[in-house]
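J.: structure_11.txt (compact mmCIF, C-alpha atoms and all ligand atoms) pasted underneath:
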```txt
# COMPACT_ATOMS: atom_id res chain seq x y z
CA MET I 227 104.57 112.76 115.53
CA LYS I 228 102.34 111.14 112.89
CA LEU I 229 99.55 108.62 113.01
CA ILE I 230 99.82 106.14 110.17
CA THR I 231 96.50 104.44 109.49
CA ALA I 232 97.14 101.49 107.20
CA ILE I 233 94.40 99.27 105.80
CA ILE I 234 96.01 96.01 104.78
CA ASN I 235 95.10 92.49 103.72
CA LYS I 236 94.50 90.14 106.64
CA ALA I 237 96.95 87.69 105.09
CA ASP I 238 99.79 90.22 105.40
CA ALA I 239 99.01 91.30 108.95
CA GLU I 240 101.24 88.84 110.75
CA SER I 241 104.40 89.49 108.77
CA VAL I 242 103.86 93.28 108.90
CA GLY I 243 103.32 93.05 112.67
CA ASP I 244 106.50 90.99 113.10
CA ALA I 245 108.53 93.48 111.06
CA LEU I 246 107.13 96.48 112.96
CA ARG I 247 107.80 94.82 116.31
CA GLU I 248 111.34 93.99 115.24
CA LYS I 249 111.95 97.72 114.68
CA ASN I 250 110.25 98.66 117.94
CA TYR I 251 107.18 100.37 116.49
CA ARG I 252 104.13 100.59 118.70
CA PHE I 253 100.88 99.86 116.92
CA THR I 254 97.31 98.70 117.28
CA LYS I 255 95.61 96.18 115.02
CA ILE I 256 91.89 96.51 114.39
CA ALA I 257 89.83 93.90 112.53
CA THR I 258 87.91 95.84 109.86
CA TYR I 259 85.77 95.30 106.76
CA GLY I 260 86.19 96.84 103.33
CA GLY I 261 83.16 98.88 102.32
CA PHE I 262 83.25 97.69 98.70
CA LEU I 263 84.06 93.99 98.91
CA ARG I 264 82.61 93.60 102.44
CA LYS I 265 85.47 91.28 103.26
CA LYS I 266 87.60 91.32 106.40
CA ASN I 267 90.74 93.36 106.25
CA MET I 268 93.03 94.70 108.95
CA THR I 269 93.70 98.27 109.99
CA LEU I 270 96.92 99.21 111.72
CA LEU I 271 97.26 102.38 113.79
CA ILE I 272 100.94 103.19 114.03
CA GLY I 273 102.12 106.14 116.11
CA ALA I 274 105.51 107.09 114.69
CA GLN I 275 108.02 109.88 115.09
CA ASP I 276 108.26 112.05 111.97
CA GLU I 277 111.74 110.73 111.16
CA ASN I 278 110.51 107.11 111.26
CA VAL I 279 107.55 107.49 108.93
CA GLU I 280 109.45 106.58 105.75
CA GLU I 281 110.88 103.45 107.39
CA ALA I 282 107.41 102.40 108.56
CA LEU I 283 106.07 102.92 105.03
CA GLU I 284 108.91 100.85 103.63
CA ILE I 285 107.96 98.01 105.99
CA LEU I 286 104.35 98.22 104.78
CA ARG I 287 105.49 98.39 101.16
CA SER I 288 107.68 95.31 101.44
CA HIS I 289 105.17 93.15 103.34
CA CYS I 290 101.81 94.10 101.80
CA HIS I 291 101.09 92.49 98.48
CA GLU I 292 98.53 93.20 95.77
CA ARG I 293 95.90 90.53 95.31
CA LYS I 294 93.07 89.92 92.90
CA GLU I 295 89.65 89.43 94.48
CA PRO I 296 86.58 88.22 92.58
CA VAL I 297 83.52 90.49 92.46
CA PRO I 298 80.17 89.20 91.15
CA VAL I 299 79.16 90.87 87.89
CA VAL I 300 75.78 92.59 88.09
CA SER I 301 73.82 92.40 84.85
CA ASP I 302 70.23 92.81 83.61
CA ASN I 303 70.79 89.84 81.35
CA PRO I 304 68.63 86.94 82.69
CA TYR I 305 71.17 84.49 81.24
CA MET I 306 73.79 85.94 83.61
CA PRO I 307 72.37 85.18 87.11
CA TYR I 308 73.95 87.14 89.99
CA GLY I 309 76.99 85.43 91.42
CA GLN I 310 77.56 83.14 88.48
CA TYR I 311 80.01 85.46 86.69
CA CYS I 312 82.84 87.26 88.41
CA SER I 313 85.28 89.96 87.52
CA ASP I 314 88.50 90.69 89.45
CA VAL I 315 89.48 93.82 91.35
CA THR I 316 93.01 94.48 92.50
CA VAL I 317 93.22 95.02 96.26
CA GLY I 318 96.15 96.53 98.11
CA GLY I 319 99.06 96.26 98.98
CA ALA I 320 98.11 98.87 101.60
CA THR I 321 95.86 101.93 101.76
CA VAL I 322 97.67 104.42 103.96
CA PHE I 323 96.61 107.70 105.59
CA ILE I 324 99.24 109.78 107.38
CA THR I 325 97.98 112.43 109.77
CA ASP I 326 99.65 114.90 112.10
CA VAL I 327 99.24 114.12 115.79
CA ALA I 328 98.41 117.33 117.69
CA ARG I 329 99.21 115.76 121.04
CA PHE I 330 100.15 112.31 122.32
CA GLU I 331 99.81 111.21 125.94
CA ARG I 332 100.16 107.89 127.73
CA LEU I 333 98.31 108.40 131.01
P1 LIG W 1 87.19 97.59 99.92
O1 LIG W 1 86.37 98.81 100.14
O2 LIG W 1 86.55 96.28 100.16
O3 LIG W 1 87.76 97.67 98.42
C1 LIG W 1 88.49 96.61 97.88
C2 LIG W 1 88.98 96.95 96.48
O4 LIG W 1 87.86 97.12 95.62
C3 LIG W 1 89.77 98.26 96.41
O5 LIG W 1 91.12 98.03 96.71
C4 LIG W 1 89.53 98.67 94.97
O6 LIG W 1 90.40 97.97 94.09
C5 LIG W 1 88.13 98.17 94.69
N1 LIG W 1 87.12 99.21 94.90
C6 LIG W 1 86.79 99.84 96.04
N2 LIG W 1 85.78 100.70 95.84
C7 LIG W 1 85.47 100.61 94.53
C8 LIG W 1 84.49 101.24 93.70
N3 LIG W 1 83.64 102.13 94.19
N4 LIG W 1 84.45 100.88 92.38
C9 LIG W 1 85.31 99.97 91.89
N5 LIG W 1 86.24 99.34 92.61
C10 LIG W 1 86.33 99.64 93.92
P2 LIG W 1 91.99 99.12 97.46
O7 LIG W 1 91.80 100.46 96.81
O8 LIG W 1 93.39 98.58 97.56
O9 LIG W 1 91.36 99.24 98.92
C11 LIG W 1 91.53 98.21 99.89
C12 LIG W 1 90.72 98.56 101.12
O10 LIG W 1 91.22 99.78 101.67
C13 LIG W 1 89.24 98.86 100.87
O11 LIG W 1 88.49 97.67 100.85
C14 LIG W 1 88.87 99.73 102.06
O12 LIG W 1 88.69 98.95 103.22
C15 LIG W 1 90.15 100.55 102.23
N6 LIG W 1 90.09 101.83 101.53
C16 LIG W 1 90.50 102.09 100.28
N7 LIG W 1 90.35 103.39 99.97
C17 LIG W 1 89.81 103.96 101.07
C18 LIG W 1 89.41 105.30 101.38
N8 LIG W 1 89.52 106.34 100.50
N9 LIG W 1 88.90 105.55 102.60
C19 LIG W 1 88.78 104.53 103.52
N10 LIG W 1 89.14 103.26 103.28
C20 LIG W 1 89.65 102.97 102.07
```
As structure tokens, how would this structure be written, given the file I've shared?

T.:
Amino acid sequence: MKLITAIINKADAESVGDALREKNYRFTKIATYGGFLRKKNMTLLIGAQDENVEEALEILRSHCHERKEPVPVVSDNPYMPYGQYCSDVTVGGATVFITDVARFERL
């Protein structure tokens, strides 16, 4: 068994959840924050059998989209006050960690 930890955009969470439910995956959604942008994102914990991992990743791949997010440009230049100029970073589709589950119990 594997634990798939997927950090996704909040905006994609509903459609990913629907698609996972449709295929009978069990998962937990946690409201999280990105350390860099400090914006809300969503983390999914998906416990999946080894043979289902690729299908779960395919669901994430097809429902999680890249987005551009503005980041304020930091500059020493007094003519560029903080927050007035922005640059874009590309966020997502999904940041995924796959780990082996040593033991799984529902008590
Ligand atoms: P954030 O930490 O808010 O990062 C949002 C986006 O900002 C990142 O998108 C990346 O494009 C950029 N970014 C992050 N750190 C950066 C840095 N030090 N310098 C320049 N640009 C930086 P993604 O890579 O798609 O990550 C989306 C979210 O996934 C992250 O939100 C964070 O919550 C999570 N994440 C990404 N990599 C992670 C990791 N190695 N460990 C834990 N969480 C991670």

J.: Taking all atoms listed in the file into account, which residues have an atom no farther than 10 Å from ligand LIG 1 (chain W)? I'd like them as number ranges by chain.

T.: I: 231-235, 258-269, 291-297, 314-323

J.: Using only C-alpha atoms for the distances, tell me which of I:Lys236, I:Lys228, I:Arg247, I:Lys255 is nearest to Glu280 in chain I.

T.: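 Residue with the minimum atom-to-atom distance to Glu280 in chain I: I:Lys228.
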
J.: Between I:Val300, I:Ile256, I:Leu246, I:Val327, single out the one closest to Glu284 in chain I, counting all atoms listed in the file.

T.: I:Leu246

J.: Which neighbours of Ile324 in chain I fall inside 12 Å, counting all atoms listed in the file, when residues of the same chain fewer than 5 positions from it are skipped, and could you give them as a list in words?

T.: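 In the requested form, the answer reads Met227, Lys228, Leu229, Ile230, Thr231, Ala232, Ile233, Leu270, Leu271, Ile272, Gly273, Ala274, Gln275, Asp276, Val279, Glu280, Ala282 and Leu283 of chain I.
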